[in-house]
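Student: Input structure: my_file_1.cif, which contains mmCIF, C-alpha atoms.
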data_protein
#
loop_
_atom_site.group_PDB
_atom_site.id
_atom_site.type_symbol
_atom_site.label_atom_id
_atom_site.label_comp_id
_atom_site.auth_asym_id
_atom_site.auth_seq_id
_atom_site.Cartn_x
_atom_site.Cartn_y
_atom_site.Cartn_z
ATOM 1 C CA MET C 1 16.860 -13.625 3.084
ATOM 2 C CA SER C 2 17.673 -16.640 5.222
ATOM 3 C CA PHE C 3 19.314 -16.250 8.641
ATOM 4 C CA HIS C 4 21.050 -18.722 10.947
ATOM 5 C CA ILE C 5 22.307 -18.302 14.489
ATOM 6 C CA ALA C 6 25.484 -19.999 15.737
ATOM 7 C CA ILE C 7 26.289 -20.448 19.428
ATOM 8 C CA ASP C 8 29.588 -21.394 21.076
ATOM 9 C CA ILE C 9 29.143 -22.434 24.712
ATOM 10 C CA GLY C 10 32.127 -22.303 27.031
ATOM 11 C CA GLY C 11 32.643 -22.515 30.760
ATOM 12 C CA THR C 12 33.844 -18.907 30.764
ATOM 13 C CA GLN C 13 32.082 -17.280 27.805
ATOM 14 C CA LEU C 14 28.951 -17.640 25.731
ATOM 15 C CA ARG C 15 29.180 -16.400 22.148
ATOM 16 C CA ALA C 16 26.348 -15.934 19.680
ATOM 17 C CA ALA C 17 26.408 -14.753 16.071
ATOM 18 C CA CYS C 18 23.756 -14.203 13.425
ATOM 19 C CA TYR C 19 24.638 -14.933 9.798
ATOM 20 C CA SER C 20 22.737 -14.092 6.628
ATOM 21 C CA SER C 21 22.643 -16.209 3.461
ATOM 22 C CA ASP C 22 26.075 -17.717 2.761
ATOM 23 C CA LYS C 23 28.130 -14.985 4.427
ATOM 24 C CA LEU C 24 30.969 -15.863 6.775
ATOM 25 C CA SER C 25 30.983 -12.470 8.469
ATOM 26 C CA PRO C 26 28.158 -12.246 11.013
ATOM 27 C CA THR C 27 25.604 -9.477 10.905
ATOM 28 C CA THR C 28 25.741 -9.481 14.713
ATOM 29 C CA LEU C 29 28.222 -11.041 17.143
ATOM 30 C CA ARG C 30 27.996 -10.824 20.914
ATOM 31 C CA ARG C 31 29.753 -12.502 23.812
ATOM 32 C CA ILE C 32 29.036 -12.520 27.533
ATOM 33 C CA PHE C 33 30.317 -14.320 30.609
ATOM 34 C CA THR C 34 28.680 -17.696 31.160
ATOM 35 C CA LYS C 35 28.162 -17.142 34.879
ATOM 36 C CA ASP C 36 26.655 -14.221 36.759
ATOM 37 C CA PRO C 37 25.154 -14.055 40.255
ATOM 38 C CA GLN C 38 21.986 -12.443 38.916
ATOM 39 C CA SER C 39 20.964 -15.131 36.394
ATOM 40 C CA THR C 40 21.551 -18.765 35.451
ATOM 41 C CA PRO C 41 23.713 -19.763 32.466
ATOM 42 C CA LEU C 42 20.568 -20.952 30.647
ATOM 43 C CA GLU C 43 18.824 -17.623 31.187
ATOM 44 C CA ARG C 44 21.925 -15.814 29.992
ATOM 45 C CA LEU C 45 22.104 -17.994 26.887
ATOM 46 C CA ILE C 46 18.449 -17.336 26.009
ATOM 47 C CA ASN C 47 18.921 -13.585 26.473
ATOM 48 C CA LEU C 48 22.073 -13.684 24.360
ATOM 49 C CA ILE C 49 20.293 -15.443 21.500
ATOM 50 C CA GLN C 50 17.491 -12.899 21.711
ATOM 51 C CA SER C 51 20.047 -10.073 21.470
ATOM 52 C CA VAL C 52 21.408 -11.295 18.104
ATOM 53 C CA TRP C 53 18.032 -12.289 16.637
ATOM 54 C CA PRO C 54 17.451 -10.381 13.365
ATOM 55 C CA GLU C 55 14.585 -7.938 13.711
ATOM 56 C CA ASN C 56 11.431 -8.918 11.817
ATOM 57 C CA GLN C 57 13.286 -11.814 10.153
ATOM 58 C CA THR C 58 13.018 -15.598 10.263
ATOM 59 C CA VAL C 59 15.847 -17.736 11.614
ATOM 60 C CA SER C 60 15.976 -21.085 9.806
ATOM 61 C CA ALA C 61 17.942 -22.922 12.522
ATOM 62 C CA ILE C 62 20.125 -22.453 15.591
ATOM 63 C CA GLY C 63 23.437 -24.352 15.684
ATOM 64 C CA LEU C 64 25.220 -24.966 18.975
ATOM 65 C CA ALA C 65 28.774 -25.977 19.846
ATOM 66 C CA ALA C 66 28.811 -27.340 23.397
ATOM 67 C CA PRO C 67 31.590 -28.629 25.653
ATOM 68 C CA GLY C 68 31.743 -32.181 26.916
ATOM 69 C CA PRO C 69 29.766 -35.220 25.810
ATOM 70 C CA VAL C 70 26.613 -34.415 23.855
ATOM 71 C CA ASP C 71 23.736 -36.623 22.703
ATOM 72 C CA ILE C 72 23.330 -35.111 19.256
ATOM 73 C CA LYS C 73 20.259 -37.154 18.362
ATOM 74 C CA ARG C 74 18.238 -35.999 21.355
ATOM 75 C CA GLY C 75 19.875 -32.570 21.569
ATOM 76 C CA VAL C 76 20.964 -33.177 25.155
ATOM 77 C CA ILE C 77 24.108 -31.953 26.917
ATOM 78 C CA LEU C 78 25.120 -34.977 29.002
ATOM 79 C CA LYS C 79 27.554 -33.043 31.177
ATOM 80 C CA ALA C 80 29.058 -29.623 30.495
ATOM 81 C CA PRO C 81 32.415 -29.059 32.203
ATOM 82 C CA ASN C 82 32.494 -25.944 34.400
ATOM 83 C CA ILE C 83 28.752 -25.203 34.052
ATOM 84 C CA PRO C 84 27.072 -26.389 37.272
ATOM 85 C CA GLY C 85 23.724 -28.087 36.795
ATOM 86 C CA TRP C 86 24.143 -28.728 33.083
ATOM 87 C CA GLU C 87 23.782 -32.496 33.250
ATOM 88 C CA ASN C 88 21.307 -34.285 30.975
ATOM 89 C CA LEU C 89 20.108 -30.851 29.875
ATOM 90 C CA PRO C 90 17.674 -31.038 26.894
ATOM 91 C CA LEU C 91 19.015 -27.784 25.505
ATOM 92 C CA CYS C 92 17.736 -28.115 21.935
ATOM 93 C CA GLN C 93 14.201 -28.812 23.135
ATOM 94 C CA LEU C 94 14.305 -25.846 25.520
ATOM 95 C CA LEU C 95 15.498 -23.473 22.788
ATOM 96 C CA GLU C 96 13.044 -24.822 20.216
ATOM 97 C CA GLU C 97 10.178 -24.225 22.625
ATOM 98 C CA ARG C 98 11.426 -20.725 23.447
ATOM 99 C CA PHE C 99 12.184 -19.539 19.901
ATOM 100 C CA ASN C 100 9.958 -21.806 17.786
ATOM 101 C CA THR C 101 13.002 -22.573 15.628
ATOM 102 C CA PRO C 102 14.894 -25.867 15.079
ATOM 103 C CA ALA C 103 18.051 -26.239 17.174
ATOM 104 C CA VAL C 104 20.911 -28.662 16.486
ATOM 105 C CA ILE C 105 23.934 -29.364 18.645
ATOM 106 C CA GLY C 106 27.432 -30.843 18.462
ATOM 107 C CA ASN C 107 30.490 -31.220 20.654
ATOM 108 C CA ASP C 108 32.610 -28.052 20.509
ATOM 109 C CA ALA C 109 35.793 -29.801 19.306
ATOM 110 C CA ASN C 110 33.829 -31.578 16.562
ATOM 111 C CA MET C 111 32.299 -28.245 15.574
ATOM 112 C CA ALA C 112 35.736 -26.629 15.407
ATOM 113 C CA ALA C 113 36.860 -29.472 13.147
ATOM 114 C CA LEU C 114 33.803 -28.938 10.962
ATOM 115 C CA GLY C 115 34.469 -25.192 10.762
ATOM 116 C CA GLU C 116 38.125 -25.636 9.793
ATOM 117 C CA TRP C 117 37.216 -28.264 7.186
ATOM 118 C CA LYS C 118 34.380 -26.297 5.638
ATOM 119 C CA TYR C 119 35.880 -22.807 5.666
ATOM 120 C CA GLY C 120 39.421 -22.877 7.022
ATOM 121 C CA ALA C 121 42.734 -24.720 6.859
ATOM 122 C CA GLY C 122 41.133 -28.025 5.884
ATOM 123 C CA ARG C 123 39.254 -26.774 2.836
ATOM 124 C CA GLY C 124 39.605 -29.055 -0.173
ATOM 125 C CA HIS C 125 40.545 -32.117 1.874
ATOM 126 C CA HIS C 126 38.205 -35.097 1.973
ATOM 127 C CA ASP C 127 39.915 -36.738 4.965
ATOM 128 C CA MET C 128 41.148 -34.489 7.774
ATOM 129 C CA LEU C 129 42.191 -34.741 11.400
ATOM 130 C CA TYR C 130 41.696 -31.695 13.628
ATOM 131 C CA MET C 131 43.374 -31.397 17.012
ATOM 132 C CA THR C 132 43.147 -28.540 19.492
ATOM 133 C CA ILE C 133 45.865 -28.366 22.148
ATOM 134 C CA SER C 134 45.036 -26.021 24.987
ATOM 135 C CA THR C 135 43.917 -26.570 28.590
ATOM 136 C CA GLY C 136 42.766 -29.923 27.269
ATOM 137 C CA ILE C 137 43.228 -31.804 24.025
ATOM 138 C CA GLY C 138 40.235 -32.366 21.782
ATOM 139 C CA GLY C 139 39.548 -32.843 18.139
ATOM 140 C CA GLY C 140 37.403 -34.024 15.316
ATOM 141 C CA ILE C 141 37.796 -36.246 12.280
ATOM 142 C CA ILE C 142 36.502 -35.838 8.747
ATOM 143 C CA VAL C 143 36.230 -39.084 6.774
ATOM 144 C CA ASP C 144 35.194 -38.945 3.118
ATOM 145 C CA ASP C 145 33.684 -35.451 3.540
ATOM 146 C CA ARG C 146 31.696 -36.435 6.630
ATOM 147 C CA LEU C 147 32.229 -35.618 10.279
ATOM 148 C CA LEU C 148 32.881 -38.835 12.196
ATOM 149 C CA LEU C 149 30.333 -38.995 15.028
ATOM 150 C CA GLY C 150 29.985 -42.629 16.063
ATOM 151 C CA ALA C 151 26.860 -44.436 17.224
ATOM 152 C CA SER C 152 25.993 -41.892 19.928
ATOM 153 C CA GLY C 153 27.855 -38.851 18.658
ATOM 154 C CA LEU C 154 30.689 -39.412 21.119
ATOM 155 C CA ALA C 155 33.469 -40.270 18.658
ATOM 156 C CA ALA C 156 36.839 -38.532 18.175
ATOM 157 C CA GLU C 157 37.850 -37.944 21.804
ATOM 158 C CA ILE C 158 41.409 -37.957 20.578
ATOM 159 C CA GLY C 159 42.816 -36.374 23.726
ATOM 160 C CA HIS C 160 41.730 -39.410 25.698
ATOM 161 C CA VAL C 161 43.764 -42.110 24.019
ATOM 162 C CA THR C 162 46.072 -43.896 26.439
ATOM 163 C CA ILE C 163 49.729 -43.105 25.771
ATOM 164 C CA ILE C 164 51.331 -44.183 29.066
ATOM 165 C CA PRO C 165 49.415 -46.942 30.906
ATOM 166 C CA ASP C 166 48.958 -45.934 34.566
ATOM 167 C CA GLY C 167 50.543 -42.575 33.709
ATOM 168 C CA PRO C 168 49.562 -39.106 34.977
ATOM 169 C CA LEU C 169 45.980 -38.632 36.144
ATOM 170 C CA CYS C 170 43.745 -37.073 33.498
ATOM 171 C CA GLY C 171 40.921 -34.643 34.255
ATOM 172 C CA CYS C 172 38.455 -37.308 33.079
ATOM 173 C CA GLY C 173 39.539 -39.598 35.931
ATOM 174 C CA GLN C 174 41.580 -42.075 33.884
ATOM 175 C CA ARG C 175 45.379 -42.249 33.733
ATOM 176 C CA GLY C 176 47.961 -41.844 31.006
ATOM 177 C CA HIS C 177 45.793 -40.069 28.452
ATOM 178 C CA LEU C 178 47.391 -37.760 25.885
ATOM 179 C CA GLU C 179 45.665 -34.782 27.521
ATOM 180 C CA ALA C 180 47.294 -35.598 30.865
ATOM 181 C CA ILE C 181 50.727 -35.741 29.210
ATOM 182 C CA ALA C 182 50.812 -33.010 26.572
ATOM 183 C CA ALA C 183 48.074 -30.409 27.145
ATOM 184 C CA GLY C 184 48.972 -26.957 28.491
ATOM 185 C CA PRO C 185 48.752 -27.787 32.213
ATOM 186 C CA ALA C 186 50.777 -30.973 31.656
ATOM 187 C CA ILE C 187 53.530 -28.980 29.946
ATOM 188 C CA ALA C 188 53.581 -26.563 32.887
ATOM 189 C CA ARG C 189 53.730 -29.444 35.407
ATOM 190 C CA TRP C 190 56.632 -31.037 33.520
ATOM 191 C CA VAL C 191 58.596 -27.779 33.857
ATOM 192 C CA GLU C 192 57.657 -27.293 37.518
ATOM 193 C CA ASP C 193 58.873 -30.804 38.383
ATOM 194 C CA ARG C 194 62.278 -30.069 36.910
ATOM 195 C CA LEU C 195 62.498 -26.624 38.465
ATOM 196 C CA SER C 196 61.814 -28.172 41.876
ATOM 197 C CA SER C 197 64.688 -30.597 41.321
ATOM 198 C CA GLY C 198 67.060 -27.700 40.597
ATOM 199 C CA THR C 199 67.163 -27.559 36.775
ATOM 200 C CA ALA C 200 68.324 -24.141 35.604
ATOM 201 C CA SER C 201 65.835 -22.001 33.699
ATOM 202 C CA SER C 202 64.726 -18.423 33.174
ATOM 203 C CA LEU C 203 61.388 -19.626 34.544
ATOM 204 C CA LEU C 204 61.429 -19.133 38.291
ATOM 205 C CA ASN C 205 60.493 -21.854 40.736
ATOM 206 C CA ASP C 206 58.749 -19.391 43.084
ATOM 207 C CA GLN C 207 56.334 -18.130 40.412
ATOM 208 C CA PRO C 208 53.380 -19.930 38.782
ATOM 209 C CA VAL C 209 54.370 -21.646 35.549
ATOM 210 C CA THR C 210 51.887 -21.668 32.659
ATOM 211 C CA ALA C 211 52.065 -23.166 29.181
ATOM 212 C CA LYS C 212 52.046 -19.627 27.778
ATOM 213 C CA ALA C 213 55.048 -18.689 29.923
ATOM 214 C CA VAL C 214 56.833 -21.859 28.814
ATOM 215 C CA SER C 215 56.192 -20.986 25.173
ATOM 216 C CA GLN C 216 57.501 -17.443 25.628
ATOM 217 C CA ALA C 217 60.620 -18.694 27.420
ATOM 218 C CA ALA C 218 61.231 -21.262 24.677
ATOM 219 C CA LYS C 219 61.041 -18.561 22.012
ATOM 220 C CA GLN C 220 63.694 -16.649 23.962
ATOM 221 C CA GLY C 221 65.993 -19.676 23.953
ATOM 222 C CA ASP C 222 65.323 -21.204 27.369
ATOM 223 C CA GLU C 223 66.546 -24.799 27.113
ATOM 224 C CA LEU C 224 64.208 -26.292 29.704
ATOM 225 C CA ALA C 225 61.170 -24.682 28.050
ATOM 226 C CA ARG C 226 62.297 -25.996 24.657
ATOM 227 C CA GLN C 227 62.669 -29.489 26.104
ATOM 228 C CA ALA C 228 59.154 -29.266 27.559
ATOM 229 C CA LEU C 229 57.620 -28.444 24.169
ATOM 230 C CA GLU C 230 59.744 -31.076 22.453
ATOM 231 C CA THR C 231 58.601 -33.721 24.946
ATOM 232 C CA ALA C 232 54.937 -32.778 24.508
ATOM 233 C CA GLY C 233 55.344 -32.665 20.726
ATOM 234 C CA ASN C 234 56.862 -36.141 20.723
ATOM 235 C CA PHE C 235 53.863 -37.605 22.559
ATOM 236 C CA ILE C 236 51.392 -35.707 20.376
ATOM 237 C CA GLY C 237 53.161 -37.017 17.283
ATOM 238 C CA LEU C 238 53.026 -40.543 18.694
ATOM 239 C CA ALA C 239 49.250 -40.249 19.161
ATOM 240 C CA MET C 240 48.854 -38.713 15.714
ATOM 241 C CA THR C 241 50.704 -41.647 14.188
ATOM 242 C CA ASN C 242 48.009 -43.927 15.530
ATOM 243 C CA PHE C 243 45.307 -41.714 14.032
ATOM 244 C CA VAL C 244 47.155 -41.576 10.706
ATOM 245 C CA HIS C 245 47.335 -45.369 10.632
ATOM 246 C CA ILE C 246 43.602 -45.643 11.322
ATOM 247 C CA PHE C 247 42.152 -42.776 9.249
ATOM 248 C CA ASN C 248 44.816 -42.048 6.602
ATOM 249 C CA PRO C 249 44.055 -38.289 6.363
ATOM 250 C CA THR C 250 45.621 -35.893 3.866
ATOM 251 C CA ALA C 251 45.553 -32.981 6.326
ATOM 252 C CA ILE C 252 46.140 -32.505 10.037
ATOM 253 C CA VAL C 253 44.974 -29.130 11.364
ATOM 254 C CA ILE C 254 46.307 -28.076 14.768
ATOM 255 C CA GLY C 255 44.679 -25.338 16.845
ATOM 256 C CA GLY C 256 44.541 -24.205 20.453
ATOM 257 C CA GLY C 257 46.777 -22.005 22.542
ATOM 258 C CA VAL C 258 49.726 -24.421 22.691
ATOM 259 C CA SER C 259 49.848 -24.497 18.871
ATOM 260 C CA LEU C 260 50.805 -20.800 18.960
ATOM 261 C CA SER C 261 54.283 -21.997 19.961
ATOM 262 C CA GLY C 262 54.710 -22.576 16.215
ATOM 263 C CA GLY C 263 57.693 -24.608 15.104
ATOM 264 C CA LEU C 264 58.745 -25.250 18.701
ATOM 265 C CA ILE C 265 55.820 -27.682 19.018
ATOM 266 C CA LEU C 266 55.023 -28.441 15.363
ATOM 267 C CA GLU C 267 58.533 -29.589 14.434
ATOM 268 C CA PRO C 268 58.714 -32.209 17.239
ATOM 269 C CA ILE C 269 55.250 -33.412 16.182
ATOM 270 C CA SER C 270 56.416 -33.856 12.578
ATOM 271 C CA LYS C 271 59.641 -35.539 13.693
ATOM 272 C CA SER C 272 57.684 -37.949 15.903
ATOM 273 C CA LEU C 273 55.283 -38.784 13.068
ATOM 274 C CA LYS C 274 58.193 -39.709 10.819
ATOM 275 C CA LYS C 275 59.756 -41.792 13.580
ATOM 276 C CA TYR C 276 56.718 -43.885 14.493
ATOM 277 C CA VAL C 277 54.820 -44.259 11.205
ATOM 278 C CA MET C 278 54.931 -47.837 9.932
ATOM 279 C CA ASN C 279 55.247 -46.866 6.265
ATOM 280 C CA PRO C 280 56.340 -43.495 4.826
ATOM 281 C CA GLN C 281 53.563 -43.759 2.245
ATOM 282 C CA TYR C 282 51.166 -42.558 4.960
ATOM 283 C CA LEU C 283 53.033 -39.239 4.915
ATOM 284 C CA ASP C 284 53.344 -38.839 1.139
ATOM 285 C CA ASN C 285 50.272 -36.639 0.722
ATOM 286 C CA LEU C 286 49.922 -35.528 4.333
ATOM 287 C CA VAL C 287 50.178 -31.834 5.231
ATOM 288 C CA ILE C 288 50.110 -30.258 8.688
ATOM 289 C CA TYR C 289 48.507 -26.838 9.018
ATOM 290 C CA SER C 290 47.936 -24.384 11.840
ATOM 291 C CA ALA C 291 44.234 -23.691 12.328
ATOM 292 C CA ALA C 292 42.919 -20.710 10.383
ATOM 293 C CA PHE C 293 40.199 -19.521 12.727
ATOM 294 C CA GLY C 294 41.339 -20.057 16.293
ATOM 295 C CA ASP C 295 38.432 -19.491 18.670
ATOM 296 C CA GLU C 296 36.060 -18.716 15.792
ATOM 297 C CA ALA C 297 36.201 -22.264 14.406
ATOM 298 C CA GLY C 298 33.563 -23.517 16.835
ATOM 299 C CA LEU C 299 31.123 -20.793 15.783
ATOM 300 C CA LEU C 300 31.671 -21.590 12.111
ATOM 301 C CA GLY C 301 31.149 -25.286 12.780
ATOM 302 C CA ALA C 302 27.879 -24.510 14.565
ATOM 303 C CA LEU C 303 26.935 -22.326 11.591
ATOM 304 C CA THR C 304 27.658 -25.228 9.220
ATOM 305 C CA LEU C 305 25.491 -27.485 11.385
ATOM 306 C CA ALA C 306 22.619 -24.975 11.267
ATOM 307 C CA ARG C 307 22.906 -24.402 7.512
ATOM 308 C CA ASN C 308 22.821 -28.130 6.819
ATOM 309 C CA PHE C 309 19.815 -28.777 9.038
ATOM 310 C CA ARG C 310 16.999 -30.510 7.183
ATOM 311 C CA PRO C 311 13.686 -31.129 8.959
ATOM 312 C CA GLU C 312 12.681 -34.786 9.112
#
Can you dump the structure from the file as structure tokens?
Tutor:
Amino acid sequence: MSFHIAIDIGGTQLRAACYSSDKLSPTTLRRIFTKDPQSTPLERLINLIQSVWPENQTVSAIGLAAPGPVDIKRGVILKAPNIPGWENLPLCQLLEERFNTPAVIGNDANMAALGEWKYGAGRGHHDMLYMTISTGIGGGIIVDDRLLLGASGLAAEIGHVTIIPDGPLCGCGQRGHLEAIAAGPAIARWVEDRLSSGTASSLLNDQPVTAKAVSQAAKQGDELARQALETAGNFIGLAMTNFVHIFNPTAIVIGGGVSLSGGLILEPISKSLKKYVMNPQYLDNLVIYSAAFGDEAGLLGALTLARNFRPE
């Protein structure tokens, strides 16, 4: 029996799962905090992989979903957000030396796109756009049944398209990116600005505002919260129109915590798409789905990467 191990690396959690044959349910799944005073994140990752390793069995490959820019050809994490010291880290080489097993790596948003396309909401589509809307905005693009990677594996940073030149400061250091305008923290800031100017709302100005709180208030009929989601949805739809013009997908899959707002965010996105698209033919065969796997999509993408590994 053939086994593969999939890893999802996050700034808060490390997750590892072992899969047998073509099963989608792991034989073993474990998660731990990324940081601990007693050990480094790399030591914790190695111990975690060891804990899911199948006893007396061979693992064909290890697949990794990693945050931030990744050099997929060299297996190097260029810079992992929220993991101190993980800059130019040759992670695949380190794991291959430790476990004597091939290791392959991809950006976590790309891996989530791959997981949703292979096993989830994007199944059956040859051209798909995946977008995750959470603390940040990321995504991945499938073109003609292939994950779009670009020359260095850095393609599909769809949260970092410029929507408002010289607009709000993005976490990447540039201004006016979609992430700075429509991700969870941006939605919360939009509400806070209006609360501070005296706009009425069930959300209180003297309490921290989060995107989750905005979503809950919107579902209960709060007008300001609804406007916040509508504004974000309009900008997301505007960005998606650009992607639709370029890639002409038949499916858009939306994941991430903000997507759990359901129709309150998805309807403004659809309305914006219809408003800005240059020809309605782009929308004729286009469907918009909520992601099927949520946080598990990255693991399944890493699993797909491992299962498709072929030694040179």
Student: Counting only C-alpha atoms, write as a PDB file with C-alpha atoms, in the frame of the given file all protein and nucleic acid residues lying at most 8 Å from (29.4, -13.2, 25.6) in the file's frame.
Tutor:
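Ended up saving to part.pdb:
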ATOM      1  CA  GLN C  13      32.082 -17.280  27.805  1.00  0.00           C
ATOM      2  CA  LEU C  14      28.951 -17.640  25.731  1.00  0.00           C
ATOM      3  CA  ARG C  15      29.180 -16.400  22.148  1.00  0.00           C
ATOM      4  CA  ALA C  16      26.348 -15.934  19.680  1.00  0.00           C
ATOM      5  CA  ARG C  30      27.996 -10.824  20.914  1.00  0.00           C
ATOM      6  CA  ARG C  31      29.753 -12.502  23.812  1.00  0.00           C
ATOM      7  CA  ILE C  32      29.036 -12.520  27.533  1.00  0.00           C
ATOM      8  CA  PHE C  33      30.317 -14.320  30.609  1.00  0.00           C
ATOM      9  CA  THR C  34      28.680 -17.696  31.160  1.00  0.00           C
ATOM     10  CA  LEU C  48      22.073 -13.684  24.360  1.00  0.00           C
TER      11      LEU C  48
END
Student: For C:Ala225, work out the shell of residues within 12 Å, counting only C-alpha atoms and skipping chain neighbours fewer than 4 positions away, then give it as a count of residues only.
Tutor: 34
Student: Need to verify the contact set: stretch 281-297 of chain C, 6 Å, all atoms listed in the file, exclusion of same-chain residues closer than 6 positions in sequence. Can you return it as a VMD selection string?
Tutor: chain C and resid 112 115 120 to 121 250 to 255
Student: Quick one: of C:Ala17, C:Ala183, C:Val76, C:Met278, who's nearest to C:Gly138, counting all atoms listed in the file?
Tutor: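 Smallest separation from C:Gly138 among the options: C:Ala183.
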Student: Have a look at C:Lys275, C:His160, C:Arg310, C:His126 and name the one nearest to C:Gly139; count only C-alpha atoms.
Tutor: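 Using only C-alpha atoms, C:Gly139 sits closest to C:His160.
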Student: From the set C:Leu260, C:Ile142, C:Ile49, C:Ile83, which residue has the shortest atom-to-atom contact distance to C:Thr12, counting all atoms listed in the file?
Tutor: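 So, comparing all the options, the nearest one is C:Ile83.
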Student: Given the choices C:His177, C:Arg146, C:Arg74, C:Arg123, which gets closest to C:Gly159 if the distance is worked out from all atoms listed in the file?
Tutor: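 Of C:His177, C:Arg146, C:Arg74, C:Arg123, the one nearest C:Gly159 is C:His177, counting all atoms listed in the file.
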Student: Which residues, written as a ChimeraX atom specification, have at least one atom at most 12 Å from C:Leu42, with all atoms listed in the file counted and residues fewer than 2 positions away on the same chain left out?
Tutor: /C:9,14,33-36,38-40,44-49,83-86,89-92,94-95,98
Student: May I have the residues within 8 Å of stretch 237-239 of chain C as a ChimeraX atom specification, using only C-alpha atoms and disregarding those fewer than 3 positions away in the same chain?
Tutor: /C:161,163,178,233-234,242-243,268-273,276
Student: Can you tell me, as an mmCIF file with C-alpha atoms, in the coordinates of the input, what residues are no more than 7 Å from stretch 150-156 of chain C when counting all atoms listed in the file, ignoring any on the same chain fewer than 3 positions away?
Tutor:
data_model
loop_
_atom_site.group_PDB
_atom_site.id
_atom_site.type_symbol
_atom_site.label_atom_id
_atom_site.label_comp_id
_atom_site.auth_asym_id
_atom_site.auth_seq_id
_atom_site.Cartn_x
_atom_site.Cartn_y
_atom_site.Cartn_z
ATOM 1 C CA PRO C 69 29.766 -35.220 25.810
ATOM 2 C CA VAL C 70 26.613 -34.415 23.855
ATOM 3 C CA ASP C 71 23.736 -36.623 22.703
ATOM 4 C CA ILE C 72 23.330 -35.111 19.256
ATOM 5 C CA GLY C 139 39.548 -32.843 18.139
ATOM 6 C CA GLY C 140 37.403 -34.024 15.316
ATOM 7 C CA ILE C 141 37.796 -36.246 12.280
#
Student: For atom CA of C:Ala80 and atom CA of C:Asp108, quote the distance in Å rounded to one decimal.
Tutor: 10.7 Å
Student: Please report the interatomic distance between atom CA of C:Leu24 and atom CA of C:Leu299 in Å with one decimal.
Tutor: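 A separation of 10.3 Å between them.
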Student: Using only C-alpha atoms, which of C:Gly10, C:Asp127, C:Asn88, C:Leu29 sits nearest C:Ala66?
Tutor: C:Gly10
